[in-house]
file target-v7.tsv (TSV, C-alpha atoms)
chain	number	residue	atom	x	y	z
A	268	MET	CA	-140.87	-32.69	-189.42
A	269	ALA	CA	-142.45	-29.48	-188.19
A	270	GLN	CA	-140.21	-26.71	-186.90
A	271	ILE	CA	-141.41	-25.18	-183.63
A	272	THR	CA	-140.16	-21.74	-182.59
A	273	THR	CA	-141.25	-19.06	-180.11
A	274	ARG	CA	-141.20	-15.26	-180.08
A	275	THR	CA	-142.14	-12.65	-177.52
A	276	ALA	CA	-145.57	-11.14	-177.98
A	277	ALA	CA	-144.47	-7.71	-179.20
A	278	ILE	CA	-147.00	-5.56	-181.06
A	279	SER	CA	-145.36	-6.66	-184.33
A	280	GLU	CA	-146.69	-10.14	-183.47
A	281	TRP	CA	-150.27	-8.93	-182.84
A	282	ASP	CA	-151.85	-10.96	-185.64
A	283	ALA	CA	-150.01	-14.05	-184.42
A	284	VAL	CA	-151.18	-13.46	-180.85
A	285	GLN	CA	-154.76	-13.30	-182.11
A	286	ALA	CA	-154.33	-16.43	-184.23
A	287	ALA	CA	-152.91	-18.31	-181.24
A	288	LEU	CA	-155.74	-17.21	-178.93
A	289	THR	CA	-158.62	-17.80	-181.32
A	290	GLY	CA	-158.02	-21.35	-182.50
A	291	GLY	CA	-160.35	-23.09	-180.07
A	292	GLY	CA	-161.32	-22.80	-176.44
A	293	ASP	CA	-161.96	-19.64	-174.49
A	294	GLY	CA	-159.03	-17.60	-175.82
A	295	ARG	CA	-161.15	-15.68	-178.32
A	296	SER	CA	-163.40	-14.23	-175.61
A	297	CYS	CA	-160.88	-14.16	-172.74
A	298	GLN	CA	-157.94	-12.62	-174.63
A	299	CYS	CA	-155.82	-13.72	-171.67
A	300	VAL	CA	-156.70	-10.68	-169.59
A	301	TRP	CA	-158.58	-12.75	-166.98
A	302	PRO	CA	-155.50	-12.79	-164.70
A	303	LEU	CA	-155.45	-8.99	-164.66
A	304	VAL	CA	-158.91	-7.80	-163.65
A	305	PRO	CA	-161.26	-8.45	-160.71
A	306	ASN	CA	-164.43	-10.41	-161.39
A	307	THR	CA	-166.75	-7.37	-161.32
A	308	ASP	CA	-164.65	-5.62	-163.96
A	309	TRP	CA	-164.27	-8.84	-165.96
A	310	ASN	CA	-168.03	-9.30	-166.22
A	311	ALA	CA	-168.47	-5.73	-167.50
A	312	LEU	CA	-165.96	-6.20	-170.35
A	313	SER	CA	-166.91	-7.40	-173.82
A	314	ALA	CA	-164.62	-9.62	-175.89
A	315	ASP	CA	-163.70	-6.51	-177.92
A	316	ASP	CA	-162.82	-4.64	-174.69
A	317	ARG	CA	-160.61	-7.54	-173.60
A	318	ARG	CA	-158.88	-7.66	-176.98
A	319	GLU	CA	-158.14	-3.93	-176.73
A	320	MET	CA	-156.85	-4.37	-173.17
A	321	LEU	CA	-154.43	-7.04	-174.36
A	322	ARG	CA	-153.37	-4.92	-177.33
A	323	GLY	CA	-152.72	-1.96	-175.02
A	324	GLU	CA	-150.73	-4.13	-172.64
A	325	ILE	CA	-148.59	-5.46	-175.48
A	326	GLU	CA	-148.09	-1.97	-176.95
A	327	ALA	CA	-147.02	-0.58	-173.56
A	328	GLY	CA	-144.62	-3.49	-172.98
A	329	PRO	CA	-142.87	-5.42	-171.78
A	330	PRO	CA	-144.42	-8.35	-173.67
A	331	PRO	CA	-146.78	-10.27	-171.35
A	332	GLY	CA	-146.28	-13.56	-173.12
A	333	LEU	CA	-144.86	-15.58	-175.94
A	334	VAL	CA	-146.24	-17.08	-179.14
A	335	ALA	CA	-145.32	-20.53	-180.45
A	336	TYR	CA	-145.11	-21.11	-184.18
A	337	VAL	CA	-145.29	-24.38	-186.07
A	338	ASP	CA	-143.59	-23.84	-189.42
A	339	GLU	CA	-144.24	-20.09	-189.06
A	340	ASP	CA	-147.97	-20.57	-188.32
A	341	ALA	CA	-149.04	-19.11	-184.97
A	342	ALA	CA	-150.02	-22.13	-182.92
A	343	GLY	CA	-149.94	-21.30	-179.20
A	344	TRP	CA	-149.62	-18.68	-176.47
A	345	ILE	CA	-148.36	-18.48	-172.89
A	346	ARG	CA	-148.82	-15.62	-170.40
A	347	ILE	CA	-145.73	-15.04	-168.24
A	348	GLY	CA	-144.84	-12.01	-166.17
A	349	PRO	CA	-144.46	-10.58	-162.70
A	350	ARG	CA	-147.13	-12.13	-160.49
A	351	ALA	CA	-147.72	-8.82	-158.66
A	352	ALA	CA	-148.99	-7.28	-161.94
A	353	GLN	CA	-151.56	-10.06	-162.39
A	354	HIS	CA	-154.00	-8.63	-159.85
A	355	ARG	CA	-156.74	-11.23	-160.06
A	356	VAL	CA	-154.23	-14.02	-159.55
A	357	LEU	CA	-153.11	-12.43	-156.30
A	358	ARG	CA	-156.68	-12.61	-155.01
A	359	SER	CA	-157.18	-16.26	-155.89
A	360	ARG	CA	-157.53	-18.82	-153.14
A	361	VAL	CA	-154.99	-21.04	-154.89
A	362	VAL	CA	-152.26	-18.39	-154.67
A	363	ARG	CA	-153.19	-16.89	-151.31
A	364	SER	CA	-153.29	-20.23	-149.50
A	365	GLY	CA	-150.76	-22.17	-151.59
A	366	SER	CA	-147.83	-19.89	-152.38
A	367	THR	CA	-144.95	-19.44	-149.98
A	368	GLU	CA	-143.72	-16.28	-151.74
A	369	PRO	CA	-144.61	-12.70	-150.67
A	370	LEU	CA	-147.54	-11.48	-152.75
A	371	ASP	CA	-145.98	-8.10	-153.55
A	372	ASP	CA	-142.57	-9.44	-154.68
A	373	ASP	CA	-141.93	-8.36	-158.29
A	374	SER	CA	-139.18	-10.95	-158.65
A	375	VAL	CA	-141.84	-13.69	-158.46
A	376	TRP	CA	-143.22	-14.33	-161.92
A	377	ALA	CA	-146.24	-16.44	-162.81
A	378	VAL	CA	-147.36	-18.55	-165.73
A	379	THR	CA	-151.12	-18.09	-165.77
A	380	CYS	CA	-152.35	-19.12	-169.20
A	381	PHE	CA	-151.70	-21.48	-172.09
A	382	SER	CA	-153.67	-21.51	-175.31
A	383	VAL	CA	-152.98	-23.89	-178.20
A	384	ARG	CA	-154.91	-23.99	-181.45
A	385	ARG	CA	-156.92	-27.19	-181.90
A	386	GLU	CA	-154.97	-28.34	-184.93
A	387	HIS	CA	-151.67	-28.09	-183.04
A	388	ARG	CA	-152.63	-29.85	-179.82
A	389	GLY	CA	-150.80	-33.01	-178.87
A	390	GLN	CA	-147.46	-31.79	-180.28
A	391	GLY	CA	-145.90	-30.70	-176.98
A	392	LEU	CA	-146.40	-26.98	-177.54
A	393	ASN	CA	-147.16	-26.29	-173.87
A	394	SER	CA	-143.76	-27.73	-172.97
A	395	THR	CA	-142.06	-25.67	-175.66
A	396	LEU	CA	-143.86	-22.53	-174.51
A	397	LEU	CA	-142.99	-23.18	-170.87
A	398	GLU	CA	-139.29	-23.70	-171.64
A	399	ALA	CA	-139.24	-20.44	-173.62
A	400	ALA	CA	-141.08	-18.66	-170.78
A	401	ILE	CA	-138.45	-19.87	-168.29
A	402	THR	CA	-135.69	-18.40	-170.45
A	403	TYR	CA	-137.66	-15.17	-170.94
A	404	ALA	CA	-138.22	-14.74	-167.17
A	405	ARG	CA	-134.62	-15.58	-166.30
A	406	GLU	CA	-133.31	-13.01	-168.81
A	407	ARG	CA	-135.55	-10.35	-167.25
A	408	GLY	CA	-134.44	-10.91	-163.67
A	409	ALA	CA	-137.13	-13.16	-162.25
A	410	ARG	CA	-136.05	-14.93	-159.07
A	411	VAL	CA	-138.74	-17.59	-159.12
A	412	ILE	CA	-141.56	-18.64	-161.45
A	413	GLU	CA	-144.82	-20.02	-160.11
A	414	GLY	CA	-147.53	-21.94	-161.93
A	415	TYR	CA	-150.97	-23.06	-160.79
A	416	PRO	CA	-151.71	-26.16	-162.88
A	417	ILE	CA	-154.35	-28.82	-162.60
A	418	ALA	CA	-153.36	-32.11	-160.99
A	419	THR	CA	-154.26	-34.27	-163.97
A	420	ASP	CA	-153.05	-37.27	-161.96
A	421	LEU	CA	-156.19	-36.82	-159.85
A	422	THR	CA	-158.77	-35.55	-162.31
A	423	LYS	CA	-159.59	-35.50	-165.98
A	424	ALA	CA	-159.92	-31.87	-166.96
A	425	SER	CA	-161.57	-30.36	-170.01
A	426	THR	CA	-159.37	-28.66	-172.59
A	427	ASN	CA	-160.69	-25.25	-171.52
A	428	ALA	CA	-159.92	-25.97	-167.85
A	429	LEU	CA	-156.33	-26.79	-168.79
A	430	TYR	CA	-155.59	-23.17	-169.69
A	431	VAL	CA	-153.52	-23.15	-166.46
A	432	GLY	CA	-151.53	-26.16	-167.67
A	433	ALA	CA	-151.16	-29.73	-166.52
A	434	LEU	CA	-149.02	-30.55	-163.49
A	435	SER	CA	-146.86	-32.93	-165.53
A	436	THR	CA	-145.86	-30.14	-167.94
A	437	PHE	CA	-144.43	-28.11	-165.07
A	438	LEU	CA	-142.78	-31.03	-163.29
A	439	ASN	CA	-141.12	-32.14	-166.54
A	440	ALA	CA	-139.68	-28.60	-166.87
A	441	GLY	CA	-138.06	-28.82	-163.42
A	442	PHE	CA	-140.70	-27.12	-161.27
A	443	ARG	CA	-141.24	-28.44	-157.76
A	444	GLU	CA	-144.59	-28.93	-156.11
A	445	VAL	CA	-145.14	-26.38	-153.34
A	446	SER	CA	-148.69	-27.21	-152.24
A	447	ARG	CA	-152.10	-28.52	-153.23
A	448	PRO	CA	-154.42	-25.80	-151.91
A	449	THR	CA	-157.51	-27.39	-153.50
A	450	GLY	CA	-158.41	-30.90	-154.52
A	451	THR	CA	-157.22	-30.43	-158.09
A	452	ARG	CA	-155.02	-27.30	-158.19
A	453	VAL	CA	-151.32	-27.29	-157.42
A	454	VAL	CA	-148.86	-24.47	-156.76
A	455	VAL	CA	-145.51	-25.19	-158.38
A	456	ALA	CA	-142.31	-23.14	-158.39
A	457	LEU	CA	-139.00	-22.99	-160.18
A	458	ASP	CA	-136.11	-21.12	-158.60
A	459	LEU	CA	-134.01	-19.27	-161.17
call {"tool": "encode", "arguments": {"input": "target-v7.tsv", "output": "structure tokens"}}
result
Amino acid sequence: MAQITTRTAAISEWDAVQAALTGGGDGRSCQCVWPLVPNTDWNALSADDRREMLRGEIEAGPPPGLVAYVDEDAAGWIRIGPRAAQHRVLRSRVVRSGSTEPLDDDSVWAVTCFSVRREHRGQGLNSTLLEAAITYARERGARVIEGYPIATDLTKASTNALYVGALSTFLNAGFREVSRPTGTRVVVALDL
């Protein structure tokens, strides 16, 4: 049986972060910096620029996410951190119309991205990553964690669209549904 572990995305884990993000889907080009930059800036950045942005963010700390390992092979990634630092997220219609938390509250953290390598999908890594992210946020003083998953009970989403997670993953981890600001997107929250 495979052993699944997680570690924070410190710079010492850089190669693992890259392996987790580049195993299928949009992670290779996105580098999980989409939640940080406005659309005009995003469109001006190359994949190399985005990779360097993520590297700089990890080097500066604190770690903006965690990496999941299957038998020591990097297999998945989750972005977790203060929502106020994820500037693009704050501008999204989902958050602005669906969250009940003040937008500038640093004690509100957000899970904004999952990425799992193709060969490791279907093993429950998103659940493992989310549980580790909850612990990580709690240890760093978060008051609440929000997520913005897709309501897979209402729609069949592509693998790439599920970078925000499936509603069931969050509900199974104890999150409560706050609102459904669009037909397929849900705001969920977990009080810590």
call {"tool": "closest_residue", "arguments": {"input": "target-v7.tsv", "among": "A:Ala351, A:Asn306, A:Ala277, A:Thr367", "to": "Glu326 of chain A", "atoms": "all atoms listed in the file"}}
result
A:Ala277
call {"tool": "residues_near_point", "arguments": {"input": "target-v7.tsv", "point": "(-154.6, -26.6, -158.2)", "cutoff": "6 Å", "atoms": "only C-alpha atoms", "output": "list in words"}}
result
Tyr415, Pro416, Ile417, Arg447, Thr449, Thr451, Arg452 and Val453 of chain A
call {"tool": "atom_distance", "arguments": {"input": "target-v7.tsv", "atom1": "atom CA of Pro331 of chain A", "atom2": "atom CA of Gly450 of chain A"}}
result
29.1 Å
call {"tool": "residues_around", "arguments": {"input": "target-v7.tsv", "residues": "Asp315 of chain A", "least_positions_apart": "2", "cutoff": "10 Å", "atoms": "only C-alpha atoms", "output": "number ranges by chain"}}
result
A: 295-298, 312-313, 317-321
call {"tool": "residues_around", "arguments": {"input": "target-v7.tsv", "residues": "Thr402 of chain A", "least_positions_apart": "2", "cutoff": "12 Å", "atoms": "all atoms listed in the file", "output": "ChimeraX atom specification"}}
result
/A:273-275,332-333,347-348,395-400,404-412,440,457,459
call {"tool": "atom_distance", "arguments": {"input": "target-v7.tsv", "atom1": "atom CA of Val454 of chain A", "atom2": "atom CA of Gly365 of chain A"}}
result
6.0 Å
call {"tool": "closest_residue", "arguments": {"input": "target-v7.tsv", "among": "A:Pro369, A:Gly391, A:Gly432, A:Pro349", "to": "Tyr403 of chain A", "atoms": "all atoms listed in the file"}}
result
A:Pro349
call {"tool": "residues_near_point", "arguments": {"input": "target-v7.tsv", "point": "(-155.3, -13.4, -176.9)", "cutoff": "6 Å", "atoms": "only C-alpha atoms", "output": "PyMOL selection string"}}
result
chain A and resi 284-285+288+294+298-299
call {"tool": "closest_residue", "arguments": {"input": "target-v7.tsv", "among": "A:Ser366, A:Thr419, A:Ser394, A:Ser382", "to": "Val445 of chain A", "atoms": "all atoms listed in the file"}}
result
A:Ser366
call {"tool": "atom_distance", "arguments": {"input": "target-v7.tsv", "atom1": "atom CA of Ala433 of chain A", "atom2": "atom CA of Arg360 of chain A"}}
result
18.4 Å
call {"tool": "closest_residue", "arguments": {"input": "target-v7.tsv", "among": "A:Val431, A:Ala456, A:Val304, A:Cys380", "to": "Arg358 of chain A", "atoms": "only C-alpha atoms"}}
result
A:Val304
call {"tool": "residues_around", "arguments": {"input": "target-v7.tsv", "residues": "Phe442 of chain A", "least_positions_apart": "4", "cutoff": "9 Å", "atoms": "only C-alpha atoms", "output": "PyMOL selection string"}}
result
chain A and resi 412-414+436-438+455-458
call {"tool": "closest_residue", "arguments": {"input": "target-v7.tsv", "among": "A:Ala352, A:Ile401, A:Leu357, A:Ala342", "to": "Ala287 of chain A", "atoms": "all atoms listed in the file"}}
result
A:Ala342
call {"tool": "decode", "arguments": {"input": "target-v7.tsv", "residues": "segment 427-445 of chain A", "atoms": "N, CA, C and O atoms", "output": "PDB file, in the first residue's frame"}}
result
ATOM      1  N   ASN A 427      -9.300  20.082 -15.473  1.00  0.00           N
ATOM      2  CA  ASN A 427      -8.689  21.405 -15.319  1.00  0.00           C
ATOM      3  C   ASN A 427      -9.589  22.351 -14.537  1.00  0.00           C
ATOM      4  O   ASN A 427      -9.105  23.150 -13.738  1.00  0.00           O
ATOM      5  N   ALA A 428     -10.899  22.285 -14.745  1.00  0.00           N
ATOM      6  CA  ALA A 428     -11.816  23.169 -14.024  1.00  0.00           C
ATOM      7  C   ALA A 428     -11.866  22.835 -12.534  1.00  0.00           C
ATOM      8  O   ALA A 428     -12.186  23.691 -11.714  1.00  0.00           O
ATOM      9  N   LEU A 429     -11.507  21.618 -12.181  1.00  0.00           N
ATOM     10  CA  LEU A 429     -11.560  21.197 -10.783  1.00  0.00           C
ATOM     11  C   LEU A 429     -10.332  21.630  -9.977  1.00  0.00           C
ATOM     12  O   LEU A 429     -10.131  21.159  -8.861  1.00  0.00           O
ATOM     13  N   TYR A 430      -9.536  22.541 -10.525  1.00  0.00           N
ATOM     14  CA  TYR A 430      -8.396  23.038  -9.755  1.00  0.00           C
ATOM     15  C   TYR A 430      -8.867  23.697  -8.455  1.00  0.00           C
ATOM     16  O   TYR A 430      -8.121  23.771  -7.485  1.00  0.00           O
ATOM     17  N   VAL A 431     -10.107  24.154  -8.387  1.00  0.00           N
ATOM     18  CA  VAL A 431     -10.649  24.761  -7.169  1.00  0.00           C
ATOM     19  C   VAL A 431     -11.207  23.710  -6.214  1.00  0.00           C
ATOM     20  O   VAL A 431     -11.596  24.030  -5.094  1.00  0.00           O
ATOM     21  N   GLY A 432     -11.253  22.468  -6.649  1.00  0.00           N
ATOM     22  CA  GLY A 432     -11.757  21.380  -5.827  1.00  0.00           C
ATOM     23  C   GLY A 432     -13.224  21.085  -6.088  1.00  0.00           C
ATOM     24  O   GLY A 432     -13.937  21.878  -6.687  1.00  0.00           O
ATOM     25  N   ALA A 433     -13.629  19.929  -5.625  1.00  0.00           N
ATOM     26  CA  ALA A 433     -15.027  19.506  -5.714  1.00  0.00           C
ATOM     27  C   ALA A 433     -15.705  19.791  -4.376  1.00  0.00           C
ATOM     28  O   ALA A 433     -15.088  19.647  -3.310  1.00  0.00           O
ATOM     29  N   LEU A 434     -16.953  20.172  -4.417  1.00  0.00           N
ATOM     30  CA  LEU A 434     -17.703  20.480  -3.210  1.00  0.00           C
ATOM     31  C   LEU A 434     -17.635  19.330  -2.204  1.00  0.00           C
ATOM     32  O   LEU A 434     -17.430  19.557  -1.006  1.00  0.00           O
ATOM     33  N   SER A 435     -17.769  18.115  -2.669  1.00  0.00           N
ATOM     34  CA  SER A 435     -17.772  16.963  -1.757  1.00  0.00           C
ATOM     35  C   SER A 435     -16.475  16.843  -0.964  1.00  0.00           C
ATOM     36  O   SER A 435     -16.495  16.457   0.213  1.00  0.00           O
ATOM     37  N   THR A 436     -15.351  17.206  -1.550  1.00  0.00           N
ATOM     38  CA  THR A 436     -14.068  17.150  -0.842  1.00  0.00           C
ATOM     39  C   THR A 436     -14.103  18.062   0.381  1.00  0.00           C
ATOM     40  O   THR A 436     -13.670  17.684   1.471  1.00  0.00           O
ATOM     41  N   PHE A 437     -14.625  19.255   0.208  1.00  0.00           N
ATOM     42  CA  PHE A 437     -14.704  20.213   1.309  1.00  0.00           C
ATOM     43  C   PHE A 437     -15.737  19.795   2.348  1.00  0.00           C
ATOM     44  O   PHE A 437     -15.477  19.861   3.553  1.00  0.00           O
ATOM     45  N   LEU A 438     -16.904  19.363   1.905  1.00  0.00           N
ATOM     46  CA  LEU A 438     -17.940  18.950   2.854  1.00  0.00           C
ATOM     47  C   LEU A 438     -17.470  17.756   3.685  1.00  0.00           C
ATOM     48  O   LEU A 438     -17.711  17.709   4.901  1.00  0.00           O
ATOM     49  N   ASN A 439     -16.783  16.817   3.056  1.00  0.00           N
ATOM     50  CA  ASN A 439     -16.267  15.647   3.779  1.00  0.00           C
ATOM     51  C   ASN A 439     -15.208  16.029   4.810  1.00  0.00           C
ATOM     52  O   ASN A 439     -14.967  15.284   5.756  1.00  0.00           O
ATOM     53  N   ALA A 440     -14.570  17.190   4.633  1.00  0.00           N
ATOM     54  CA  ALA A 440     -13.554  17.662   5.580  1.00  0.00           C
ATOM     55  C   ALA A 440     -14.157  18.548   6.676  1.00  0.00           C
ATOM     56  O   ALA A 440     -13.426  19.099   7.494  1.00  0.00           O
ATOM     57  N   GLY A 441     -15.482  18.700   6.679  1.00  0.00           N
ATOM     58  CA  GLY A 441     -16.141  19.456   7.729  1.00  0.00           C
ATOM     59  C   GLY A 441     -16.503  20.887   7.385  1.00  0.00           C
ATOM     60  O   GLY A 441     -17.018  21.623   8.229  1.00  0.00           O
ATOM     61  N   PHE A 442     -16.251  21.314   6.159  1.00  0.00           N
ATOM     62  CA  PHE A 442     -16.645  22.660   5.739  1.00  0.00           C
ATOM     63  C   PHE A 442     -18.168  22.730   5.635  1.00  0.00           C
ATOM     64  O   PHE A 442     -18.828  21.726   5.369  1.00  0.00           O
ATOM     65  N   ARG A 443     -18.697  23.926   5.822  1.00  0.00           N
ATOM     66  CA  ARG A 443     -20.129  24.157   5.650  1.00  0.00           C
ATOM     67  C   ARG A 443     -20.344  25.014   4.409  1.00  0.00           C
ATOM     68  O   ARG A 443     -19.502  25.853   4.071  1.00  0.00           O
ATOM     69  N   GLU A 444     -21.455  24.799   3.761  1.00  0.00           N
ATOM     70  CA  GLU A 444     -21.794  25.612   2.596  1.00  0.00           C
ATOM     71  C   GLU A 444     -22.288  26.970   3.069  1.00  0.00           C
ATOM     72  O   GLU A 444     -23.173  27.056   3.910  1.00  0.00           O
ATOM     73  N   VAL A 445     -21.702  28.035   2.526  1.00  0.00           N
ATOM     74  CA  VAL A 445     -22.078  29.399   2.865  1.00  0.00           C
ATOM     75  C   VAL A 445     -23.056  29.947   1.836  1.00  0.00           C
ATOM     76  O   VAL A 445     -24.085  30.528   2.175  1.00  0.00           O
TER      77      VAL A 445
END
